[in-house]
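One structure is given below, encoded as structure tokens.
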Amino acid sequence: MDRALACDPVFRHPLVVQMPDLQALQRGDAAAWDMAFPWLWPAAFGAAQVTLQPYLPAEVEDVAIESLEALVEKVRELRSVEELKPLVASIAHHRAVSLLRERFAKKRGEGRTRSPDPVQEGAEVDYPDPTANSPLAALEQKELAERLRRTIGELRPPIDAIMMDRFMNDLSYEEIARKRGIPISSVGVYLKRGLEALRRIWGRRGES
Amino acid sequence: MNDDQYFDLAMKVIGGQATEAERAELDGLVARQPKLKAEFERVQADVRLAREVLPLVSATEAMAPELPAYARGRLQTKVRQTLGRPQPSVTSASDRERRSMWRWRWLLGLATATAAIVLAVVLWQAPAPMIQVAMLDAAGASRGSDAKELALLQQTWNKTPIDSFSSAENARAWETNSLGNGGRAVVKILYDRPAGELRVLGRWKGKPFAKTFVVEQDFAAALSLARDFIREQTSR
């Protein structure tokens, strides 16, 4: 089986990683898939976890496995190995959203307004569907995968890391500047560029 | 105040990190210049978008966690069912020559490895893992071929009781149950008759292993391969 040793340019991992050979995967080569599944797993698991963790954490692993199975069905439509991770993440996201909506609909049908299997029992608040206004949920699977791929490609270092610091970890400008060893005046410049890139790729709510 | 300063101020307010004075400054600016209100709303929308998109981007780039061992067999089954068996590729004479050379090297390596394994087994005998065997057959064990296969399973792993499942769900639950993380190591062998597979799943010295053997014409041959695989894995 042909396997290319290549530095992963898309995911910018510092190590040299062995990427699967797309043609071998499309032929159904068991060894190629054996190598690809562990490589793809974090993307499938992580994407399912983003949506399901607060409401249905026990379903994350199942959704991730089903997403890898769905990827096997779609692999012959792909043109490059770089499409694999964004596609499986997109599939996992869609499956997670569908499952969540299905459970919410069922609970609403039963006249209950709690979250399905809430992690914190006793939460009597009325839970609106958390995916209702998501621009991501409105996108087709392929479209979502393509936008994810573009985002990963366009958010170049250090913009990607600074964006994560600010919007996922809620760090202040000062904390980011210290952590990244950059002037505090540069933090806003990078954030502005990052947000512009996201707006270009994803559009605004309702535009996608 | 220039654009960049206004952006930084807006970011602070949106992030809930602004002081009272900074909030008042922003309110004053917006009141004096209505176009800044639209700009503030635009930044707010961008931040909402970033908070939705970035976790998914981060997940796509993640390198952990590890694929659970039990999932491998199921996924390989899906590959076989969806994509079929791979076609052998056409090779040139030089390729064949090169492969032949590698085969010899590989055989030499295998012989050395086998000798090392035998020596290790002779010198040190670890407690054997607990073997668990099960068979999945949705149609039930009434047909002759089933009985023959059951007998072969019993013969290969004698003294081991064989669980029988008629539902794939129960078989999967059995398969994915604990592999002895704490106490004695466990090796599970499931004959999935509808899928035509013999799946081996285990953990030895803390390391998981799994392999699927396709059962074609010769069930005994598949059993023999599975037994050899288990021996190889548990003699390390």
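Letters A, B, ... mark the chains of the structure tokens in the order given; residue numbers begin at 1 per chain; ligand numbers begin at 1, in order shown.
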
Residues of chain B were defined as contacting chain A if any atom lay at most 8 Å from it, counting only C-alpha atoms; please report them as JSON, numbers by chain.
{"B": [4, 7, 8, 15, 17, 45, 46, 47, 49, 50, 51, 52, 53, 54, 55, 56, 57, 59, 60, 61, 62, 63, 64, 65, 66, 67, 71, 72, 75, 76, 78, 79, 80, 82, 83, 84, 85, 86, 87]}

Since we have the selection now, will you write its residues out, keeping C-alpha atoms, as a short mmCIF file (atom, residue, chain, number, x, y, z; two decimals), in the first residue's frame?
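The result, written out as again23.cif:
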data_model
loop_
_atom_site.label_atom_id
_atom_site.label_comp_id
_atom_site.auth_asym_id
_atom_site.auth_seq_id
_atom_site.Cartn_x
_atom_site.Cartn_y
_atom_site.Cartn_z
CA ASP B 4 -8.78 50.34 16.12
CA PHE B 7 -12.82 48.13 18.12
CA ASP B 8 -10.74 47.39 21.24
CA GLY B 15 -16.42 40.42 26.60
CA GLN B 17 -14.15 43.06 30.73
CA ALA B 45 -22.51 39.60 15.56
CA ASP B 46 -18.93 38.70 14.57
CA VAL B 47 -18.12 37.65 18.13
CA LEU B 49 -20.19 33.82 15.04
CA ALA B 50 -16.65 33.25 16.35
CA ARG B 51 -18.00 31.65 19.51
CA GLU B 52 -20.00 29.19 17.41
CA VAL B 53 -17.46 28.41 14.72
CA LEU B 54 -14.20 28.22 16.68
CA PRO B 55 -15.10 25.23 18.89
CA LEU B 56 -15.82 23.23 15.74
CA VAL B 57 -12.58 24.39 14.10
CA ALA B 59 -12.38 20.02 17.31
CA THR B 60 -11.43 19.43 13.69
CA GLU B 61 -7.79 20.07 14.51
CA ALA B 62 -7.73 18.07 17.75
CA MET B 63 -5.29 15.17 18.20
CA ALA B 64 -7.03 13.42 21.12
CA PRO B 65 -8.78 11.31 22.41
CA GLU B 66 -7.86 7.83 21.21
CA LEU B 67 -10.18 5.67 19.12
CA ALA B 71 -14.95 0.58 17.46
CA ARG B 72 -12.27 -0.74 15.10
CA LEU B 75 -15.72 0.34 11.40
CA GLN B 76 -13.76 -2.21 9.40
CA LYS B 78 -18.50 -0.94 7.44
CA VAL B 79 -15.52 -0.53 5.11
CA ARG B 80 -15.93 -4.07 3.78
CA THR B 82 -19.48 -0.35 1.66
CA LEU B 83 -16.31 -0.49 -0.38
CA GLY B 84 -15.85 -4.24 -0.79
CA ARG B 85 -12.50 -5.96 -0.97
CA PRO B 86 -9.63 -3.95 -2.50
CA GLN B 87 -8.60 -4.90 -6.03
#

Step one, run DSSP on the backbone; step two, keep only residues of chain B assigned to alpha helix (DSSP H); then write them as JSON, numbers by chain.
{"B": [3, 4, 5, 6, 7, 8, 9, 10, 11, 12, 13, 14, 20, 21, 22, 23, 24, 25, 26, 27, 28, 29, 30, 31, 32, 34, 35, 36, 37, 38, 39, 40, 41, 42, 43, 44, 45, 46, 47, 48, 49, 50, 51, 52, 53, 54, 55, 56, 57, 58, 59, 60, 61, 69, 70, 71, 72, 73, 74, 75, 76, 77, 78, 79, 80, 81, 82, 83, 93, 94, 95, 96, 97, 98, 99, 100, 101, 102, 103, 104, 105, 106, 107, 108, 109, 110, 111, 112, 113, 114, 115, 116, 117, 118, 119, 120, 121, 122, 123, 144, 145, 146, 147, 148, 149, 150, 151, 152, 153, 154, 155, 156, 168, 169, 170, 171, 172, 173, 174, 175, 176, 219, 220, 221, 222, 223, 224, 225, 226, 227, 228, 229, 230, 231, 232, 233]}

Output of the above residues as a CSV table (one decimal), in the first residue's frame, restricted to C-alpha atoms:
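Resulting contents of again-v1.csv:
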chain,number,residue,atom,x,y,z
B,3,ASP,CA,-11.2,52.7,14.4
B,4,ASP,CA,-8.8,50.3,16.1
B,5,GLN,CA,-9.3,52.0,19.5
B,6,TYR,CA,-13.1,51.8,19.1
B,7,PHE,CA,-12.8,48.1,18.1
B,8,ASP,CA,-10.7,47.4,21.2
B,9,LEU,CA,-13.2,49.3,23.4
B,10,ALA,CA,-16.1,47.4,21.8
B,11,MET,CA,-14.4,44.1,22.4
B,12,LYS,CA,-13.9,44.8,26.1
B,13,VAL,CA,-17.5,45.7,26.5
B,14,ILE,CA,-18.8,42.7,24.6
B,20,GLU,CA,-17.6,51.5,34.3
B,21,ALA,CA,-15.7,54.4,32.8
B,22,GLU,CA,-15.1,52.4,29.6
B,23,ARG,CA,-18.7,51.5,29.3
B,24,ALA,CA,-19.7,55.1,29.8
B,25,GLU,CA,-17.2,56.2,27.2
B,26,LEU,CA,-18.7,53.7,24.7
B,27,ASP,CA,-22.3,54.8,25.5
B,28,GLY,CA,-21.2,58.4,25.0
B,29,LEU,CA,-19.6,57.7,21.6
B,30,VAL,CA,-22.6,55.7,20.4
B,31,ALA,CA,-25.0,58.5,21.4
B,32,ARG,CA,-22.9,61.1,19.6
B,34,PRO,CA,-25.1,56.8,15.4
B,35,LYS,CA,-22.9,55.0,12.8
B,36,LEU,CA,-20.8,53.7,15.7
B,37,LYS,CA,-23.9,51.9,17.0
B,38,ALA,CA,-24.1,49.9,13.8
B,39,GLU,CA,-20.4,49.2,14.0
B,40,PHE,CA,-20.9,47.9,17.6
B,41,GLU,CA,-23.7,45.6,16.5
B,42,ARG,CA,-21.5,44.3,13.7
B,43,VAL,CA,-18.7,43.4,16.1
B,44,GLN,CA,-21.2,41.8,18.4
B,45,ALA,CA,-22.5,39.6,15.6
B,46,ASP,CA,-18.9,38.7,14.6
B,47,VAL,CA,-18.1,37.7,18.1
B,48,ARG,CA,-21.2,35.5,18.3
B,49,LEU,CA,-20.2,33.8,15.0
B,50,ALA,CA,-16.7,33.3,16.3
B,51,ARG,CA,-18.0,31.7,19.5
B,52,GLU,CA,-20.0,29.2,17.4
B,53,VAL,CA,-17.5,28.4,14.7
B,54,LEU,CA,-14.2,28.2,16.7
B,55,PRO,CA,-15.1,25.2,18.9
B,56,LEU,CA,-15.8,23.2,15.7
B,57,VAL,CA,-12.6,24.4,14.1
B,58,SER,CA,-10.7,23.4,17.3
B,59,ALA,CA,-12.4,20.0,17.3
B,60,THR,CA,-11.4,19.4,13.7
B,61,GLU,CA,-7.8,20.1,14.5
B,69,ALA,CA,-10.6,-0.4,20.6
B,70,TYR,CA,-14.1,-1.8,20.3
B,71,ALA,CA,-15.0,0.6,17.5
B,72,ARG,CA,-12.3,-0.7,15.1
B,73,GLY,CA,-14.0,-4.0,14.3
B,74,ARG,CA,-17.3,-2.3,13.7
B,75,LEU,CA,-15.7,0.3,11.4
B,76,GLN,CA,-13.8,-2.2,9.4
B,77,THR,CA,-17.0,-4.1,8.8
B,78,LYS,CA,-18.5,-0.9,7.4
B,79,VAL,CA,-15.5,-0.5,5.1
B,80,ARG,CA,-15.9,-4.1,3.8
B,81,GLN,CA,-19.7,-3.8,3.4
B,82,THR,CA,-19.5,-0.4,1.7
B,83,LEU,CA,-16.3,-0.5,-0.4
B,93,ALA,CA,8.8,-6.9,-12.6
B,94,SER,CA,11.1,-4.6,-10.6
B,95,ASP,CA,8.4,-4.0,-8.0
B,96,ARG,CA,8.0,-7.7,-7.7
B,97,GLU,CA,11.7,-8.2,-7.3
B,98,ARG,CA,11.9,-5.5,-4.7
B,99,ARG,CA,9.0,-7.0,-2.9
B,100,SER,CA,10.5,-10.4,-3.0
B,101,MET,CA,13.7,-9.0,-1.4
B,102,TRP,CA,11.6,-7.4,1.3
B,103,ARG,CA,9.7,-10.6,1.8
B,104,TRP,CA,13.0,-12.4,2.5
B,105,ARG,CA,14.0,-9.7,4.9
B,106,TRP,CA,10.7,-9.8,6.5
B,107,LEU,CA,10.8,-13.6,6.9
B,108,LEU,CA,14.2,-13.3,8.5
B,109,GLY,CA,12.9,-10.6,10.8
B,110,LEU,CA,9.9,-12.8,11.6
B,111,ALA,CA,12.0,-15.8,12.4
B,112,THR,CA,14.1,-13.6,14.8
B,113,ALA,CA,11.0,-12.2,16.4
B,114,THR,CA,9.4,-15.6,16.7
B,115,ALA,CA,12.6,-17.0,18.4
B,116,ALA,CA,12.6,-14.0,20.8
B,117,ILE,CA,8.9,-14.6,21.6
B,118,VAL,CA,9.5,-18.3,22.2
B,119,LEU,CA,12.4,-17.5,24.5
B,120,ALA,CA,10.4,-14.9,26.3
B,121,VAL,CA,7.6,-17.3,26.8
B,122,VAL,CA,9.9,-20.0,28.1
B,123,LEU,CA,11.7,-17.6,30.5
B,144,GLY,CA,-26.6,-27.9,10.9
B,145,SER,CA,-23.9,-25.5,9.9
B,146,ASP,CA,-24.5,-23.5,13.1
B,147,ALA,CA,-24.0,-26.6,15.2
B,148,LYS,CA,-20.8,-27.4,13.3
B,149,GLU,CA,-19.5,-23.9,13.8
B,150,LEU,CA,-20.4,-24.0,17.5
B,151,ALA,CA,-18.5,-27.2,17.8
B,152,LEU,CA,-15.5,-25.8,16.1
B,153,LEU,CA,-15.6,-22.7,18.5
B,154,GLN,CA,-15.7,-25.0,21.5
B,155,GLN,CA,-12.9,-27.2,20.1
B,156,THR,CA,-10.7,-24.2,19.6
B,168,ALA,CA,-26.8,-7.6,17.3
B,169,GLU,CA,-27.4,-5.1,20.0
B,170,ASN,CA,-26.9,-7.6,22.8
B,171,ALA,CA,-23.8,-8.9,21.1
B,172,ARG,CA,-22.4,-5.3,20.8
B,173,ALA,CA,-23.1,-4.7,24.4
B,174,TRP,CA,-21.2,-7.9,25.3
B,175,GLU,CA,-18.4,-6.9,23.0
B,176,THR,CA,-18.0,-3.4,24.4
B,219,PHE,CA,-14.3,-21.3,9.4
B,220,ALA,CA,-11.6,-23.5,10.9
B,221,ALA,CA,-8.9,-21.5,9.1
B,222,ALA,CA,-10.3,-18.2,10.5
B,223,LEU,CA,-10.4,-19.7,14.0
B,224,SER,CA,-6.8,-20.8,13.6
B,225,LEU,CA,-5.7,-17.3,12.5
B,226,ALA,CA,-7.6,-15.7,15.4
B,227,ARG,CA,-6.0,-18.1,17.9
B,228,ASP,CA,-2.5,-17.3,16.5
B,229,PHE,CA,-3.3,-13.6,16.7
B,230,ILE,CA,-4.3,-13.9,20.4
B,231,ARG,CA,-1.2,-15.9,21.2
B,232,GLU,CA,1.0,-13.3,19.5
B,233,GLN,CA,-0.7,-10.4,21.3

Could you tell me how far CA of Pro68 in chain B lies from CA of Glu59 in chain A, in Å and to one decimal?
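One can read the CA of Pro68 in chain B to CA of Glu59 in chain A distance as 14.3 Å.
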
So how many Å separate CA of Tyr55 in chain A and CA of Ala137 in chain A, to one decimal?
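Straight-line distance from CA of Tyr55 in chain A to CA of Ala137 in chain A works out to 16.7 Å.
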
Find the residues around Met130 in chain B up to 9 Å (only C-alpha atoms counted), leave out those fewer than 3 positions away in its own chain, and share them as JSON, numbers by chain.
{"B": [184, 185, 186, 187, 188]}
